[in-house]
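Chemist: Here you go, one structure.
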Amino acid sequence: MSRLDIVDLRVAFDAPGGPVEVLRGIDLSVTAGRTLGVVGESGCGKSVTMLAAMRLLGRRAHVTGRVRLDGLDMLALPETEMERIRGGRIAMIFQDPMSSLNPVHRIGTQLRETLALHRDLSGGAAAAEAVRLLDRVGIPAARSRMSDYPHQLSGGMNQRAMIAMALAGEPEILIADEPTTALDVTIQAQILDLLRDLQAERRMAMVLITHDLGVIAETADDVAVMYCGRVVEHAPVERLFASPRHPYTRGLLASLPRMDARETSLRPIPGSVPPAGALPMGCAFAPRCGAAEPGCHAIMPLLAPRADRHEVACHVGARAAA
Amino acid sequence: MIRFFASKLLRAFATILFVVTFAFLVLRVSGDPALLIMGAEAPPDAIAAFRAAWGLDEPLWRQYLSYFAAIANGDLGYSMRDRRPALGLVLDRLPDTLRLMLPALAVKILIGVPAGIYAALHRDTWIDRTTMAFSVLGYSVPNFVLGLMLVLLFAVNLRWLPSGGAETWLHTILPIVVLGTAGAGILARFTRSTMLEILGQPYIRTATAKGVPWFRVVSWHALPNAAIPTVTVIGFMIGSLIAGAVVTESVFSWPGIGRQLVVAVANRDVAVVQVILLFVAGSMVVSNLAVDFLYGWLDPRVRTTRGKEG
């Protein structure tokens, strides 16, 4: 049973006026066989969390905290060890499949690169395995697609090729960063089905980053809701949708258009997200929150572990649940 | 595919026609070759005879037409000064020019491209800033200034190298350095910005995320993509090889095409100027075609869309 634990992960980026903190202490974990959905609006830090965990942010980012893979602190590993983990034990797929594959190399060549790196396969064995993987992710005529370039395939087919490439290293953990955002709605459902099947088949742990609550509802077992670089609510998926405790989560759910109600307009959350460099002292959501009390503006609420596994970083919400 | 290159060739032909026509008109309108070559003190009947012999007394459109008629017969005209075929005169000088330009091109590529890559990989460090400072210096100092400074230092003060002429390989060093410096600076800067753009692409992140070691990310995932725009710039440099030496050849009294062009223009030696311009335009056009071919080889996206067209 492999598991990934992210403990107090903080990321600051260099900026002209001094470093700006975009992750302000993230705690998350995923275990084999389960899918963690990470949801939040653009800029809340959901992608940065996983990129920081994989050490893919580059030199401008200052990362602190712990990222433990079965107890091994990935942030302290030498780079060569990280290369073994990336694409091997932990694989990633990204938002835009068209630009995420290298335009000058063939699909088959890119797939075989991963096989060579992580499974020591080359020649005929690698080719056979590459075809098998393309076939598994539902690419028709897999053998002839091997010699195609990414621009010759559709977005959906490219995303399947990306998934095949991610599977090539036989990962224990799959991180999918907005895997369906750039795709047509019909294709989105197919890709999500595929990811769900593969996750079950291989008993992988999966992290699904998305801004789409519908995707979360269909795919995730647990959900972490992020706002301004912090996890504000963390719960099993049914509980989160049935009884959201954080006012922000409630606002997100309330802002969804409903099929069964005749509403004339959508209900947005009032106000806007404060910029990362200018967050209020207390709860970052307090200025937009209808339930905020004087204390919310002064003291930052923390995500406290709870017996019912439904954690919320909100003074009001935590009291109501107690 | 065939249509693609047919249209390229047609455009190339139109370019050359335009260049030749333009040069023809400017040279005829801006000065009288008879006076320049015979001298202002020559007897009027000798000048008239010179004009009649070279057809300069005919109307301009007639001269223009007969010029093209001659070209169609493979006759590129005679030098009014040497009375020898202009093509032969220019071909005689070509090796000397290439002796400078090809090594200069090598200098540009071998210094410019690696410097640009190196700077990009060390973005915002002192290595990057130093490289870029040299690059700006390299292409902002005019050739004649750099040439004279080098002559002053290495020929006059240190007496290590000759100041001009073309006798030994030592004579080539200073002109090659002068010719290579600006191009290397431009290429370094261009390669750096191209590399930075490529390194920011999602597929580079994909490669890193699948565990590809950084050296291979750069060499196998980034460089082939960065080569596509860089080849264009190098193509332009190849195209301007012959024309690029005018100033430098004059500074170093180098007996190449550049200096020949200066002398021929001053004398309104039309045929020689035209031949040189044909070479210049021709090398531009050929290098552009070569770049187009290379694109197809480097970039699979271009290859397949062309395949569909043809």
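Identifiers in this document derive from the order of the structure tokens: chains are assigned A, B, ..., residues are numbered from 1 separately in each chain, and ligands are numbered from 1 in order of occurrence.
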Wanna dump the chain B-chain A contacts at 12 Å for me, each residue with its shortest atom pair and the distance in Å to one decimal, counting only C-alpha atoms, ordered by chain and number, as JSON lines?
Modeler:
```
{"residue": "B:Leu121", "atom": "CA", "partner": "A:Arg59", "partner_atom": "CA", "distance": 11.5}
{"residue": "B:His122", "atom": "CA", "partner": "A:Arg59", "partner_atom": "CA", "distance": 10.6}
{"residue": "B:Arg123", "atom": "CA", "partner": "A:Arg59", "partner_atom": "CA", "distance": 10.1}
{"residue": "B:Asp124", "atom": "CA", "partner": "A:Arg60", "partner_atom": "CA", "distance": 10.4}
{"residue": "B:Thr125", "atom": "CA", "partner": "A:Arg59", "partner_atom": "CA", "distance": 11.3}
{"residue": "B:Ile198", "atom": "CA", "partner": "A:Asn102", "partner_atom": "CA", "distance": 10.5}
{"residue": "B:Leu199", "atom": "CA", "partner": "A:Gly58", "partner_atom": "CA", "distance": 11.2}
{"residue": "B:Gly200", "atom": "CA", "partner": "A:Gly58", "partner_atom": "CA", "distance": 10.7}
{"residue": "B:Gln201", "atom": "CA", "partner": "A:Ser99", "partner_atom": "CA", "distance": 7.4}
{"residue": "B:Pro202", "atom": "CA", "partner": "A:Ser100", "partner_atom": "CA", "distance": 4.8}
{"residue": "B:Tyr203", "atom": "CA", "partner": "A:Ser100", "partner_atom": "CA", "distance": 4.1}
{"residue": "B:Ile204", "atom": "CA", "partner": "A:Asn102", "partner_atom": "CA", "distance": 7.6}
{"residue": "B:Arg205", "atom": "CA", "partner": "A:Leu56", "partner_atom": "CA", "distance": 7.4}
{"residue": "B:Thr206", "atom": "CA", "partner": "A:Ser100", "partner_atom": "CA", "distance": 6.0}
{"residue": "B:Ala207", "atom": "CA", "partner": "A:Asn102", "partner_atom": "CA", "distance": 8.4}
{"residue": "B:Thr208", "atom": "CA", "partner": "A:Leu56", "partner_atom": "CA", "distance": 7.5}
{"residue": "B:Ala209", "atom": "CA", "partner": "A:Arg86", "partner_atom": "CA", "distance": 5.4}
{"residue": "B:Lys210", "atom": "CA", "partner": "A:Gly87", "partner_atom": "CA", "distance": 3.7}
{"residue": "B:Gly211", "atom": "CA", "partner": "A:Glu83", "partner_atom": "CA", "distance": 4.2}
{"residue": "B:Val212", "atom": "CA", "partner": "A:Glu83", "partner_atom": "CA", "distance": 6.6}
{"residue": "B:Pro213", "atom": "CA", "partner": "A:Glu83", "partner_atom": "CA", "distance": 6.5}
{"residue": "B:Trp214", "atom": "CA", "partner": "A:Glu83", "partner_atom": "CA", "distance": 9.1}
{"residue": "B:Phe215", "atom": "CA", "partner": "A:Thr80", "partner_atom": "CA", "distance": 11.7}
{"residue": "B:Arg216", "atom": "CA", "partner": "A:Glu113", "partner_atom": "CA", "distance": 10.7}
{"residue": "B:Val217", "atom": "CA", "partner": "A:Asn102", "partner_atom": "CA", "distance": 10.8}
{"residue": "B:Trp220", "atom": "CA", "partner": "A:His105", "partner_atom": "CA", "distance": 9.2}
{"residue": "B:His221", "atom": "CA", "partner": "A:Asn102", "partner_atom": "CA", "distance": 6.9}
{"residue": "B:Ala222", "atom": "CA", "partner": "A:Asn102", "partner_atom": "CA", "distance": 8.9}
{"residue": "B:Leu223", "atom": "CA", "partner": "A:Val104", "partner_atom": "CA", "distance": 10.3}
{"residue": "B:Pro224", "atom": "CA", "partner": "A:Val104", "partner_atom": "CA", "distance": 7.2}
{"residue": "B:Asn225", "atom": "CA", "partner": "A:Val104", "partner_atom": "CA", "distance": 6.8}
{"residue": "B:Ala226", "atom": "CA", "partner": "A:Val104", "partner_atom": "CA", "distance": 10.6}
{"residue": "B:Ala227", "atom": "CA", "partner": "A:Val104", "partner_atom": "CA", "distance": 10.8}
{"residue": "B:Ile228", "atom": "CA", "partner": "A:Val104", "partner_atom": "CA", "distance": 10.1}
{"residue": "B:Tyr295", "atom": "CA", "partner": "A:Val104", "partner_atom": "CA", "distance": 11.3}
{"residue": "B:Gly296", "atom": "CA", "partner": "A:Val104", "partner_atom": "CA", "distance": 11.0}
{"residue": "B:Trp297", "atom": "CA", "partner": "A:Val104", "partner_atom": "CA", "distance": 10.0}
{"residue": "B:Leu298", "atom": "CA", "partner": "A:Val104", "partner_atom": "CA", "distance": 7.4}
{"residue": "B:Asp299", "atom": "CA", "partner": "A:Val104", "partner_atom": "CA", "distance": 6.0}
{"residue": "B:Pro300", "atom": "CA", "partner": "A:Val104", "partner_atom": "CA", "distance": 6.0}
{"residue": "B:Arg301", "atom": "CA", "partner": "A:His151", "partner_atom": "CA", "distance": 6.7}
{"residue": "B:Val302", "atom": "CA", "partner": "A:His151", "partner_atom": "CA", "distance": 10.3}
{"residue": "B:Arg303", "atom": "CA", "partner": "A:Tyr149", "partner_atom": "CA", "distance": 10.8}
{"residue": "B:Thr304", "atom": "CA", "partner": "A:Gln152", "partner_atom": "CA", "distance": 8.6}
{"residue": "B:Thr305", "atom": "CA", "partner": "A:Gln152", "partner_atom": "CA", "distance": 10.0}
```
Chemist: Neighbours of stretch 5-12 of chain B within 12 Å (only C-alpha atoms; same-chain residues fewer than 6 positions away dropped), as JSON, numbers by chain?
Modeler: {"B": [18, 19, 278, 281, 282, 283, 284, 285, 286, 287, 288, 289, 290, 291, 292, 293, 296, 306, 307, 309, 310]}
Chemist: Output N, CA and C atoms for every residue in that selection, as a PDB file, in the first residue's frame.
Modeler:
```
ATOM      1  N   PHE B  18      13.096  41.805 -60.029  1.00  0.00           N
ATOM      2  CA  PHE B  18      12.910  43.101 -59.400  1.00  0.00           C
ATOM      3  C   PHE B  18      14.265  43.733 -59.048  1.00  0.00           C
ATOM      4  N   VAL B  19      15.143  42.929 -58.466  1.00  0.00           N
ATOM      5  CA  VAL B  19      16.457  43.434 -58.055  1.00  0.00           C
ATOM      6  C   VAL B  19      17.239  43.943 -59.264  1.00  0.00           C
ATOM      7  N   LEU B 278      23.100  39.863 -59.028  1.00  0.00           N
ATOM      8  CA  LEU B 278      22.488  38.562 -59.336  1.00  0.00           C
ATOM      9  C   LEU B 278      22.977  37.501 -58.345  1.00  0.00           C
ATOM     10  N   ALA B 281      21.279  38.311 -54.927  1.00  0.00           N
ATOM     11  CA  ALA B 281      19.870  37.931 -54.925  1.00  0.00           C
ATOM     12  C   ALA B 281      19.743  36.413 -55.033  1.00  0.00           C
ATOM     13  N   GLY B 282      20.592  35.832 -55.903  1.00  0.00           N
ATOM     14  CA  GLY B 282      20.546  34.383 -56.081  1.00  0.00           C
ATOM     15  C   GLY B 282      20.856  33.652 -54.793  1.00  0.00           C
ATOM     16  N   SER B 283      21.863  34.102 -54.040  1.00  0.00           N
ATOM     17  CA  SER B 283      22.206  33.366 -52.817  1.00  0.00           C
ATOM     18  C   SER B 283      21.115  33.535 -51.765  1.00  0.00           C
ATOM     19  N   MET B 284      20.484  34.723 -51.742  1.00  0.00           N
ATOM     20  CA  MET B 284      19.337  34.928 -50.846  1.00  0.00           C
ATOM     21  C   MET B 284      18.231  33.926 -51.150  1.00  0.00           C
ATOM     22  N   VAL B 285      17.910  33.868 -52.457  1.00  0.00           N
ATOM     23  CA  VAL B 285      16.802  33.030 -52.885  1.00  0.00           C
ATOM     24  C   VAL B 285      17.100  31.551 -52.620  1.00  0.00           C
ATOM     25  N   VAL B 286      18.322  31.150 -52.943  1.00  0.00           N
ATOM     26  CA  VAL B 286      18.683  29.740 -52.748  1.00  0.00           C
ATOM     27  C   VAL B 286      18.656  29.388 -51.260  1.00  0.00           C
ATOM     28  N   SER B 287      19.167  30.297 -50.407  1.00  0.00           N
ATOM     29  CA  SER B 287      19.182  29.951 -48.988  1.00  0.00           C
ATOM     30  C   SER B 287      17.763  29.919 -48.432  1.00  0.00           C
ATOM     31  N   ASN B 288      16.882  30.789 -48.959  1.00  0.00           N
ATOM     32  CA  ASN B 288      15.488  30.726 -48.514  1.00  0.00           C
ATOM     33  C   ASN B 288      14.842  29.400 -48.889  1.00  0.00           C
ATOM     34  N   LEU B 289      15.124  28.956 -50.113  1.00  0.00           N
ATOM     35  CA  LEU B 289      14.587  27.658 -50.534  1.00  0.00           C
ATOM     36  C   LEU B 289      15.144  26.549 -49.645  1.00  0.00           C
ATOM     37  N   ALA B 290      16.435  26.657 -49.343  1.00  0.00           N
ATOM     38  CA  ALA B 290      17.053  25.631 -48.504  1.00  0.00           C
ATOM     39  C   ALA B 290      16.402  25.612 -47.125  1.00  0.00           C
ATOM     40  N   VAL B 291      16.096  26.810 -46.581  1.00  0.00           N
ATOM     41  CA  VAL B 291      15.433  26.889 -45.275  1.00  0.00           C
ATOM     42  C   VAL B 291      14.066  26.211 -45.338  1.00  0.00           C
ATOM     43  N   ASP B 292      13.345  26.446 -46.451  1.00  0.00           N
ATOM     44  CA  ASP B 292      12.034  25.810 -46.582  1.00  0.00           C
ATOM     45  C   ASP B 292      12.139  24.291 -46.591  1.00  0.00           C
ATOM     46  N   PHE B 293      13.144  23.795 -47.311  1.00  0.00           N
ATOM     47  CA  PHE B 293      13.371  22.347 -47.322  1.00  0.00           C
ATOM     48  C   PHE B 293      13.669  21.842 -45.916  1.00  0.00           C
ATOM     49  N   GLY B 296      10.784  21.398 -43.536  1.00  0.00           N
ATOM     50  CA  GLY B 296      10.051  20.155 -43.732  1.00  0.00           C
ATOM     51  C   GLY B 296      10.725  19.004 -43.013  1.00  0.00           C
ATOM     52  N   ARG B 306       2.210  20.126 -46.048  1.00  0.00           N
ATOM     53  CA  ARG B 306       2.668  20.231 -47.431  1.00  0.00           C
ATOM     54  C   ARG B 306       2.237  19.010 -48.227  1.00  0.00           C
ATOM     55  N   GLY B 307       2.348  17.862 -47.591  1.00  0.00           N
ATOM     56  CA  GLY B 307       1.947  16.631 -48.259  1.00  0.00           C
ATOM     57  C   GLY B 307       0.501  16.705 -48.720  1.00  0.00           C
ATOM     58  N   GLU B 309      -1.176  19.486 -49.361  1.00  0.00           N
ATOM     59  CA  GLU B 309      -1.325  20.466 -50.436  1.00  0.00           C
ATOM     60  C   GLU B 309      -0.996  19.862 -51.794  1.00  0.00           C
ATOM     61  N   GLY B 310       0.117  19.104 -51.826  1.00  0.00           N
ATOM     62  CA  GLY B 310       0.610  18.621 -53.102  1.00  0.00           C
ATOM     63  C   GLY B 310      -0.050  17.416 -53.494  1.00  0.00           C
TER      64      GLY B 310
END
```
Chemist: Env of A:Ile269: 10 Å cut, atoms = only C-alpha atoms, seq-sep filter 3 positions within chain, self excluded. Answer as a list in words.
Modeler: Pro247, Tyr248, Arg250, Gly251, Leu252, Ala254, Ser255, Leu266, Ser272, Val273, Arg288, Cys289 and Gly290 of chain A
Chemist: In stretch 222-278 of chain A, what's strand (DSSP E) per DSSP? Answer as a PyMOL selection string?
Modeler: chain A and resi 222-227+230-236
Chemist: Restrict the selected residues to N, CA and C atoms and save them as a PDB file, in the first residue's frame.
Modeler:
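Listed below is the output, out-v5.pdb:
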```pdb
ATOM      1  N   ASP A 222     -12.400  11.135  -2.190  1.00  0.00           N
ATOM      2  CA  ASP A 222     -12.265  12.198  -1.211  1.00  0.00           C
ATOM      3  C   ASP A 222     -12.072  13.521  -1.952  1.00  0.00           C
ATOM      4  N   VAL A 223     -12.431  14.599  -1.289  1.00  0.00           N
ATOM      5  CA  VAL A 223     -12.316  15.905  -1.921  1.00  0.00           C
ATOM      6  C   VAL A 223     -11.580  16.871  -1.008  1.00  0.00           C
ATOM      7  N   ALA A 224     -10.670  17.629  -1.600  1.00  0.00           N
ATOM      8  CA  ALA A 224     -10.075  18.747  -0.886  1.00  0.00           C
ATOM      9  C   ALA A 224     -10.455  20.012  -1.636  1.00  0.00           C
ATOM     10  N   VAL A 225     -11.087  20.943  -0.918  1.00  0.00           N
ATOM     11  CA  VAL A 225     -11.454  22.209  -1.542  1.00  0.00           C
ATOM     12  C   VAL A 225     -10.382  23.226  -1.174  1.00  0.00           C
ATOM     13  N   MET A 226      -9.820  23.887  -2.178  1.00  0.00           N
ATOM     14  CA  MET A 226      -8.748  24.854  -1.897  1.00  0.00           C
ATOM     15  C   MET A 226      -9.215  26.267  -2.176  1.00  0.00           C
ATOM     16  N   TYR A 227      -8.693  27.178  -1.344  1.00  0.00           N
ATOM     17  CA  TYR A 227      -8.969  28.604  -1.555  1.00  0.00           C
ATOM     18  C   TYR A 227      -7.741  29.392  -1.118  1.00  0.00           C
ATOM     19  N   ARG A 230      -4.729  27.448   0.491  1.00  0.00           N
ATOM     20  CA  ARG A 230      -4.965  26.583   1.651  1.00  0.00           C
ATOM     21  C   ARG A 230      -6.099  25.622   1.349  1.00  0.00           C
ATOM     22  N   VAL A 231      -6.064  24.456   2.025  1.00  0.00           N
ATOM     23  CA  VAL A 231      -7.210  23.556   1.945  1.00  0.00           C
ATOM     24  C   VAL A 231      -8.235  24.056   2.955  1.00  0.00           C
ATOM     25  N   VAL A 232      -9.445  24.364   2.493  1.00  0.00           N
ATOM     26  CA  VAL A 232     -10.436  24.897   3.432  1.00  0.00           C
ATOM     27  C   VAL A 232     -11.437  23.834   3.879  1.00  0.00           C
ATOM     28  N   GLU A 233     -11.569  22.763   3.070  1.00  0.00           N
ATOM     29  CA  GLU A 233     -12.465  21.692   3.490  1.00  0.00           C
ATOM     30  C   GLU A 233     -11.984  20.395   2.874  1.00  0.00           C
ATOM     31  N   HIS A 234     -12.062  19.327   3.653  1.00  0.00           N
ATOM     32  CA  HIS A 234     -11.556  18.040   3.216  1.00  0.00           C
ATOM     33  C   HIS A 234     -12.508  16.976   3.729  1.00  0.00           C
ATOM     34  N   ALA A 235     -13.071  16.186   2.818  1.00  0.00           N
ATOM     35  CA  ALA A 235     -14.091  15.230   3.261  1.00  0.00           C
ATOM     36  C   ALA A 235     -14.296  14.145   2.223  1.00  0.00           C
ATOM     37  N   PRO A 236     -14.869  13.000   2.622  1.00  0.00           N
ATOM     38  CA  PRO A 236     -15.315  12.023   1.629  1.00  0.00           C
ATOM     39  C   PRO A 236     -16.334  12.676   0.705  1.00  0.00           C
TER      40      PRO A 236
END
```
Chemist: Distance atom CA of A:Val11-atom CA of A:Val63, one decimal place?
Modeler: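 About the pair atom CA of A:Val11 and atom CA of A:Val63: they are 4.6 Å apart.
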Chemist: Enumerate the residues of stretch 11-107 of chain B with a DSSP assignment of helix (DSSP H, G or I), computed from the backbone, and present them as a VMD selection string.
Modeler: chain B and resid 11 to 30 33 to 38 44 to 54 60 to 72 86 to 107
Chemist: If you count only C-alpha atoms, which residues fall within 12 Å of A:Asp308, apart from same-chain ones fewer than 3 positions away, as a list in words?
Modeler: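 Once the nearby chain positions are removed, what remains is His234, Ala235, Pro236, Arg239, Leu240, Ala304, Pro305, Glu311, Val312, Ala321 and Ala322 of chain A.
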Chemist: Could you work out how far atom CA of A:Ala220 lies from atom CA of A:Ala205, giving the answer in Å with one decimal?
Modeler: 10.8 Å
Chemist: Measuring atom to atom with only C-alpha atoms, identify which of B:Gln274, B:Thr97, B:Gln63, B:Asn157 is nearest to B:Leu179.
Modeler: B:Thr97
Chemist: Go through A:Ala298, A:Ile187, A:Ala130, A:Ala217 and flag the residue nearest A:Leu167, using only C-alpha atoms for the distances.
Modeler: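 For A:Leu167, the nearest of the candidates is A:Ala130.
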Chemist: Show which residues sit within 12 Å of stretch 37-46 of chain B, as JSON, numbers by chain. Count only C-alpha atoms, and ignore same-chain residues fewer than 6 positions away.
Modeler: {"B": [31, 52, 53, 79, 80, 81, 82, 83, 263, 264, 265, 266, 267, 268, 269, 270]}
Chemist: Could you save the residues just selected, with C-alpha atoms, as a PDB file, in the first residue's frame?
Modeler:
```pdb
ATOM      1  CA  GLY B  31      25.550  58.856 -63.404  1.00  0.00           C
ATOM      2  CA  ALA B  52      27.641  54.260 -79.237  1.00  0.00           C
ATOM      3  CA  ALA B  53      29.884  51.239 -78.634  1.00  0.00           C
ATOM      4  CA  SER B  79      32.851  45.284 -67.961  1.00  0.00           C
ATOM      5  CA  MET B  80      33.092  48.726 -69.492  1.00  0.00           C
ATOM      6  CA  ARG B  81      36.383  49.275 -67.713  1.00  0.00           C
ATOM      7  CA  ASP B  82      38.238  45.979 -68.340  1.00  0.00           C
ATOM      8  CA  ARG B  83      36.386  44.964 -71.522  1.00  0.00           C
ATOM      9  CA  VAL B 263      34.521  50.095 -57.290  1.00  0.00           C
ATOM     10  CA  ALA B 264      32.027  49.016 -59.938  1.00  0.00           C
ATOM     11  CA  VAL B 265      29.265  51.204 -58.518  1.00  0.00           C
ATOM     12  CA  ALA B 266      31.597  54.190 -58.375  1.00  0.00           C
ATOM     13  CA  ASN B 267      32.460  53.643 -62.052  1.00  0.00           C
ATOM     14  CA  ARG B 268      28.865  52.902 -63.070  1.00  0.00           C
ATOM     15  CA  ASP B 269      30.260  49.656 -64.495  1.00  0.00           C
ATOM     16  CA  VAL B 270      26.748  48.369 -64.947  1.00  0.00           C
TER      17      VAL B 270
END
```
Chemist: Would you list the contacts of A:Val20 as number ranges by chain, taking every protein, DNA or RNA residue within 12 Å and counting only C-alpha atoms, but skipping same-chain residues closer than 6 positions in sequence?
Modeler: A: 10-14, 60-63, 228-229, 275-279
Chemist: How many Å lie between atom CA of B:Val247 and atom CA of B:Val178, rounded to one decimal?
Modeler: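 Separation of atom CA of B:Val247 and atom CA of B:Val178: 10.3 Å.
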Chemist: Would you pick out the contacts of A:Leu213 at 9 Å or less, using only C-alpha atoms, so that residues sharing its chain but fewer than 5 positions from it are not included, and give the list as an NGL selection string?
Modeler: :A and (39-40 or 218 or 252-253 or 256)
Chemist: Please produce a file of the residues just selected, as a compact mmCIF listing (two decimals), in the first residue's frame, where the atoms kept are C-alpha atoms.
Modeler:
```
# COMPACT_ATOMS: atom_id res chain seq x y z
CA VAL A 39 -10.98 21.46 -6.46
CA GLY A 40 -10.81 25.24 -6.47
CA GLU A 218 -18.23 11.39 -10.70
CA LEU A 252 -19.41 26.82 -4.99
CA LEU A 253 -22.21 24.27 -4.82
CA LEU A 256 -23.80 25.49 -9.97
```
Chemist: Using only C-alpha atoms, pick whichever of A:Met157, A:Ile173, A:Ala242, A:Ala52 has the shortest atom-to-atom distance to A:Met206.
Modeler: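 Once distances to A:Met206 are computed over only C-alpha atoms, the minimum belongs to A:Ile173.
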